[in-house]
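See below for the structure under consideration.
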Amino acid sequence: TFGATRVPPVGMAPLKSLEQLAPMLVFFGLQLLEYVEVQRRKRKLSWMQVQLLRLKVAAPAAGVLVLIAALLYPTGYFGPLSSRVRSLFVKHTRTGNPLVDSVAEHQPANEQAYQHYLHNIYDIAPYGFLFSLIRFTDANLFLVLYALVAYYFSNKMARLIILLGPVASALGGAAIGIAFDQLLLRVAQRAAGAAI
């Protein structure tokens, strides 16, 4: 972000754009969490001590951020969300440019687009999604949340189907892996039954 602000046409826009500030806040939040983890490893803290340290670190940081936002917001420092971002959340948002509004990839995706871009995974990924819901782990929770967010945004704008590719592949791999595990388990059970 610092490098981007050094480019003359960009200037301080990354520090004023709400689309760019949100990921930066997530980045700083992850830095705070890593600081707590380093302290946990150094001092061998208990679970309760870790939670208290997280609170001691996060509360002042959140307070400073709220104070800065409260001081800068009335001045008009932060720009509005762009029309492209608004169109992801509000139906029928138009940019005002007929050429941009008529572009097919800015329209909502349909079933044919999903079949075309996802091909065979289109049919397999839903099974992986269901298996991930049933076998609840942190990794599967990540896949489920990633799939829901990617599907939501790809359904709003056809060009965002590309976001669905990696998670659809992971879910398809999970479905194939579980099916393969079950097949091997059955073969092993039959082999064990035949040996007895």
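Naming works like this for the structure tokens: A, B, ... for the chains as they're shown, residue 1 at the start of each chain, ligands 1 onward in shown order.
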What are the DSSP alpha helix (DSSP H) residues of range 1-195 of chain A, as a ChimeraX atom specification? /A:2-5,18-43,47-72,83-89,98-102,111-118,121-134,138-156,164-195
What lies within 12 Å of Leu21 in chain A using only C-alpha atoms, ignoring chain neighbours under 5 positions off, as an mmCIF file with N, CA and C atoms, in the first residue's frame?
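Final file, selection_2.cif:
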```cif
data_model
loop_
_atom_site.group_PDB
_atom_site.id
_atom_site.type_symbol
_atom_site.label_atom_id
_atom_site.label_comp_id
_atom_site.auth_asym_id
_atom_site.auth_seq_id
_atom_site.Cartn_x
_atom_site.Cartn_y
_atom_site.Cartn_z
ATOM 1 N N THR A 1 0.835 -1.196 0.000
ATOM 2 C CA THR A 1 0.000 0.000 0.000
ATOM 3 C C THR A 1 0.869 1.245 0.000
ATOM 4 N N MET A 12 -2.931 9.123 -2.562
ATOM 5 C CA MET A 12 -3.411 8.597 -1.285
ATOM 6 C C MET A 12 -4.737 7.848 -1.415
ATOM 7 N N ALA A 13 -5.156 7.529 -2.628
ATOM 8 C CA ALA A 13 -6.435 6.844 -2.847
ATOM 9 C C ALA A 13 -6.557 5.530 -2.077
ATOM 10 N N PRO A 14 -5.499 4.707 -1.956
ATOM 11 C CA PRO A 14 -5.666 3.463 -1.186
ATOM 12 C C PRO A 14 -6.023 3.696 0.285
ATOM 13 N N LEU A 15 -5.683 4.842 0.822
ATOM 14 C CA LEU A 15 -6.008 5.129 2.222
ATOM 15 C C LEU A 15 -7.360 5.820 2.373
ATOM 16 N N LYS A 16 -8.024 6.106 1.244
ATOM 17 C CA LYS A 16 -9.336 6.748 1.275
ATOM 18 C C LYS A 16 -10.440 5.832 0.762
ATOM 19 N N VAL A 26 -8.026 -6.008 7.903
ATOM 20 C CA VAL A 26 -7.889 -7.446 8.153
ATOM 21 C C VAL A 26 -6.414 -7.806 8.319
ATOM 22 N N PHE A 27 -5.568 -7.248 7.466
ATOM 23 C CA PHE A 27 -4.126 -7.505 7.555
ATOM 24 C C PHE A 27 -3.576 -7.075 8.916
ATOM 25 N N PHE A 28 -3.927 -5.876 9.370
ATOM 26 C CA PHE A 28 -3.443 -5.410 10.667
ATOM 27 C C PHE A 28 -4.021 -6.250 11.815
ATOM 28 N N LEU A 65 -8.889 2.932 16.075
ATOM 29 C CA LEU A 65 -9.486 2.930 14.734
ATOM 30 C C LEU A 65 -10.834 3.652 14.713
ATOM 31 N N ALA A 69 -11.642 7.003 12.607
ATOM 32 C CA ALA A 69 -12.769 7.017 11.668
ATOM 33 C C ALA A 69 -13.778 8.097 12.040
ATOM 34 N N PHE A 78 -13.254 9.705 3.525
ATOM 35 C CA PHE A 78 -13.492 8.400 2.897
ATOM 36 C C PHE A 78 -14.418 8.570 1.705
ATOM 37 N N GLY A 79 -14.035 7.942 0.589
ATOM 38 C CA GLY A 79 -14.861 7.996 -0.604
ATOM 39 C C GLY A 79 -15.974 6.969 -0.527
ATOM 40 N N PRO A 80 -16.989 7.111 -1.378
ATOM 41 C CA PRO A 80 -18.072 6.124 -1.385
ATOM 42 C C PRO A 80 -17.606 4.822 -2.039
ATOM 43 N N LEU A 81 -18.385 3.770 -1.847
ATOM 44 C CA LEU A 81 -18.092 2.515 -2.541
ATOM 45 C C LEU A 81 -18.280 2.733 -4.032
#
```
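Using only C-alpha atoms, the nearest neighbour of Tyr73 in chain A within the list A:Leu18, A:Gly128, A:Gly165, A:Tyr117 is A:Leu18.
The space separating CA of Val36 in chain A from CA of Arg54 in chain A comes to 6.3 Å.
Candidate residues A:Val187, A:Met24, A:Val57, A:Leu160 were compared for distance to Glu37 in chain A, and the nearest is A:Val57, using only C-alpha atoms.
Between CA of Pro126 in chain A and CA of Ala175 in chain A there is a distance of 8.4 Å.
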At a cut-off of 12 Å, using only C-alpha atoms, what residues contact Ala109 in chain A? Leave out same-chain residues fewer than 5 positions from it and give the result as a short mmCIF file (atom, residue, chain, number, x, y, z; two decimals) with all heavy atoms, in the first residue's frame.
```
data_model
loop_
_atom_site.label_atom_id
_atom_site.label_comp_id
_atom_site.auth_asym_id
_atom_site.auth_seq_id
_atom_site.Cartn_x
_atom_site.Cartn_y
_atom_site.Cartn_z
N ALA A 104 -22.01 -8.23 -21.06
CA ALA A 104 -22.59 -9.49 -20.58
C ALA A 104 -21.92 -9.99 -19.30
O ALA A 104 -22.58 -10.55 -18.44
CB ALA A 104 -22.49 -10.55 -21.66
N TYR A 114 -22.02 -21.59 -15.48
CA TYR A 114 -21.38 -22.46 -14.49
C TYR A 114 -20.94 -23.77 -15.13
O TYR A 114 -19.83 -24.25 -14.90
CB TYR A 114 -22.32 -22.75 -13.32
CG TYR A 114 -22.53 -21.58 -12.41
CD1 TYR A 114 -23.76 -20.95 -12.32
CD2 TYR A 114 -21.51 -21.09 -11.61
CE1 TYR A 114 -23.97 -19.87 -11.48
CE2 TYR A 114 -21.70 -20.01 -10.77
CZ TYR A 114 -22.93 -19.42 -10.72
OH TYR A 114 -23.12 -18.34 -9.89
N GLN A 115 -21.82 -24.36 -15.96
CA GLN A 115 -21.48 -25.62 -16.63
C GLN A 115 -20.30 -25.43 -17.59
O GLN A 115 -19.42 -26.28 -17.69
CB GLN A 115 -22.68 -26.17 -17.37
CG GLN A 115 -23.74 -26.73 -16.46
CD GLN A 115 -24.99 -27.13 -17.21
OE1 GLN A 115 -25.23 -26.72 -18.35
NE2 GLN A 115 -25.83 -27.94 -16.57
N HIS A 116 -20.28 -24.31 -18.27
CA HIS A 116 -19.22 -24.06 -19.24
C HIS A 116 -17.86 -23.89 -18.56
O HIS A 116 -16.87 -24.47 -18.99
CB HIS A 116 -19.55 -22.82 -20.07
CG HIS A 116 -18.48 -22.43 -21.03
ND1 HIS A 116 -18.24 -23.11 -22.20
CD2 HIS A 116 -17.57 -21.43 -20.98
CE1 HIS A 116 -17.23 -22.55 -22.84
NE2 HIS A 116 -16.80 -21.52 -22.11
N TYR A 117 -17.81 -23.09 -17.52
CA TYR A 117 -16.53 -22.78 -16.89
C TYR A 117 -16.07 -23.83 -15.89
O TYR A 117 -14.87 -24.04 -15.72
CB TYR A 117 -16.59 -21.40 -16.20
CG TYR A 117 -16.69 -20.28 -17.19
CD1 TYR A 117 -17.82 -19.49 -17.27
CD2 TYR A 117 -15.65 -20.02 -18.08
CE1 TYR A 117 -17.92 -18.46 -18.19
CE2 TYR A 117 -15.74 -19.00 -19.01
CZ TYR A 117 -16.88 -18.23 -19.05
OH TYR A 117 -16.97 -17.21 -19.97
N TYR A 151 -19.81 -18.40 -4.37
CA TYR A 151 -21.05 -18.61 -5.13
C TYR A 151 -21.91 -17.35 -5.14
O TYR A 151 -22.47 -16.98 -6.16
CB TYR A 151 -21.85 -19.80 -4.57
CG TYR A 151 -23.14 -20.01 -5.31
CD1 TYR A 151 -23.15 -20.53 -6.59
CD2 TYR A 151 -24.36 -19.64 -4.75
CE1 TYR A 151 -24.33 -20.69 -7.29
CE2 TYR A 151 -25.53 -19.79 -5.44
CZ TYR A 151 -25.51 -20.32 -6.70
OH TYR A 151 -26.68 -20.46 -7.41
N TYR A 152 -22.02 -16.70 -3.98
CA TYR A 152 -22.82 -15.48 -3.91
C TYR A 152 -22.32 -14.44 -4.93
O TYR A 152 -23.10 -13.89 -5.70
CB TYR A 152 -22.79 -14.89 -2.50
CG TYR A 152 -23.46 -13.54 -2.41
CD1 TYR A 152 -24.84 -13.45 -2.30
CD2 TYR A 152 -22.72 -12.36 -2.47
CE1 TYR A 152 -25.47 -12.23 -2.24
CE2 TYR A 152 -23.35 -11.13 -2.41
CZ TYR A 152 -24.71 -11.07 -2.29
OH TYR A 152 -25.33 -9.84 -2.25
N PHE A 153 -21.01 -14.19 -4.91
CA PHE A 153 -20.48 -13.15 -5.79
C PHE A 153 -20.48 -13.59 -7.25
O PHE A 153 -20.71 -12.78 -8.14
CB PHE A 153 -19.09 -12.71 -5.34
CG PHE A 153 -19.13 -11.88 -4.11
CD1 PHE A 153 -18.59 -12.33 -2.92
CD2 PHE A 153 -19.72 -10.63 -4.11
CE1 PHE A 153 -18.65 -11.56 -1.77
CE2 PHE A 153 -19.79 -9.85 -2.98
CZ PHE A 153 -19.25 -10.32 -1.80
N SER A 154 -20.23 -14.87 -7.52
CA SER A 154 -20.27 -15.32 -8.92
C SER A 154 -21.68 -15.29 -9.45
O SER A 154 -21.89 -15.14 -10.65
CB SER A 154 -19.67 -16.72 -9.05
OG SER A 154 -20.49 -17.68 -8.42
N ASN A 155 -22.66 -15.45 -8.58
CA ASN A 155 -24.06 -15.39 -9.02
C ASN A 155 -24.49 -13.96 -9.31
O ASN A 155 -25.44 -13.73 -10.04
CB ASN A 155 -24.96 -16.02 -7.95
CG ASN A 155 -26.29 -16.43 -8.51
OD1 ASN A 155 -26.41 -16.75 -9.68
ND2 ASN A 155 -27.30 -16.42 -7.66
N LYS A 156 -23.80 -12.98 -8.74
CA LYS A 156 -24.13 -11.58 -8.98
C LYS A 156 -23.53 -11.05 -10.29
O LYS A 156 -24.10 -10.17 -10.92
CB LYS A 156 -23.61 -10.71 -7.83
CG LYS A 156 -24.34 -10.91 -6.55
CD LYS A 156 -25.72 -10.32 -6.67
CE LYS A 156 -26.45 -10.39 -5.36
NZ LYS A 156 -27.73 -9.72 -5.41
N MET A 157 -22.35 -11.57 -10.65
CA MET A 157 -21.67 -11.06 -11.84
C MET A 157 -20.94 -12.22 -12.52
O MET A 157 -20.11 -12.88 -11.88
CB MET A 157 -20.68 -9.96 -11.43
CG MET A 157 -20.17 -9.15 -12.58
SD MET A 157 -19.02 -7.84 -12.06
CE MET A 157 -20.08 -6.75 -11.15
N ALA A 158 -21.24 -12.48 -13.77
CA ALA A 158 -20.71 -13.65 -14.47
C ALA A 158 -19.18 -13.68 -14.49
O ALA A 158 -18.58 -14.75 -14.42
CB ALA A 158 -21.26 -13.70 -15.90
N ARG A 159 -18.55 -12.54 -14.54
CA ARG A 159 -17.09 -12.52 -14.61
C ARG A 159 -16.45 -13.04 -13.33
O ARG A 159 -15.29 -13.40 -13.30
CB ARG A 159 -16.58 -11.13 -14.94
CG ARG A 159 -16.77 -10.17 -13.78
CD ARG A 159 -16.49 -8.75 -14.08
NE ARG A 159 -15.25 -8.55 -14.76
CZ ARG A 159 -14.82 -7.38 -15.18
NH1 ARG A 159 -15.56 -6.32 -14.96
NH2 ARG A 159 -13.69 -7.24 -15.80
N LEU A 160 -17.22 -13.10 -12.23
CA LEU A 160 -16.68 -13.55 -10.96
C LEU A 160 -16.79 -15.06 -10.76
O LEU A 160 -16.45 -15.57 -9.69
CB LEU A 160 -17.36 -12.81 -9.80
CG LEU A 160 -17.13 -11.30 -9.79
CD1 LEU A 160 -17.85 -10.66 -8.63
CD2 LEU A 160 -15.65 -10.99 -9.73
N ILE A 161 -17.22 -15.78 -11.80
CA ILE A 161 -17.22 -17.25 -11.71
C ILE A 161 -15.79 -17.75 -11.49
O ILE A 161 -15.59 -18.80 -10.90
CB ILE A 161 -17.85 -17.87 -12.97
CG1 ILE A 161 -19.35 -17.60 -12.97
CG2 ILE A 161 -17.61 -19.37 -13.02
CD1 ILE A 161 -20.07 -18.12 -14.18
N ILE A 162 -14.83 -16.96 -11.89
CA ILE A 162 -13.43 -17.35 -11.69
C ILE A 162 -13.13 -17.53 -10.20
O ILE A 162 -12.26 -18.33 -9.82
CB ILE A 162 -12.47 -16.33 -12.34
CG1 ILE A 162 -11.08 -16.91 -12.44
CG2 ILE A 162 -12.47 -15.03 -11.57
CD1 ILE A 162 -10.15 -16.12 -13.34
N LEU A 164 -15.03 -18.97 -8.14
CA LEU A 164 -15.60 -20.25 -7.76
C LEU A 164 -14.71 -21.42 -8.20
O LEU A 164 -14.84 -22.52 -7.65
CB LEU A 164 -16.99 -20.39 -8.38
CG LEU A 164 -17.96 -21.36 -7.77
CD1 LEU A 164 -18.15 -21.08 -6.29
CD2 LEU A 164 -19.30 -21.27 -8.48
#
```
Nearby residues (only C-alpha atoms) at most 9 Å from Val144 in chain A, same-chain spacing under 4 positions excluded, as an MDAnalysis selection string: chainID A and resid 129:130 132:133 139:140 148:149 167 171
In Å, rounded to a single decimal, give me how far CA of Leu33 in chain A is from CA of Leu45 in chain A. 14.3 Å
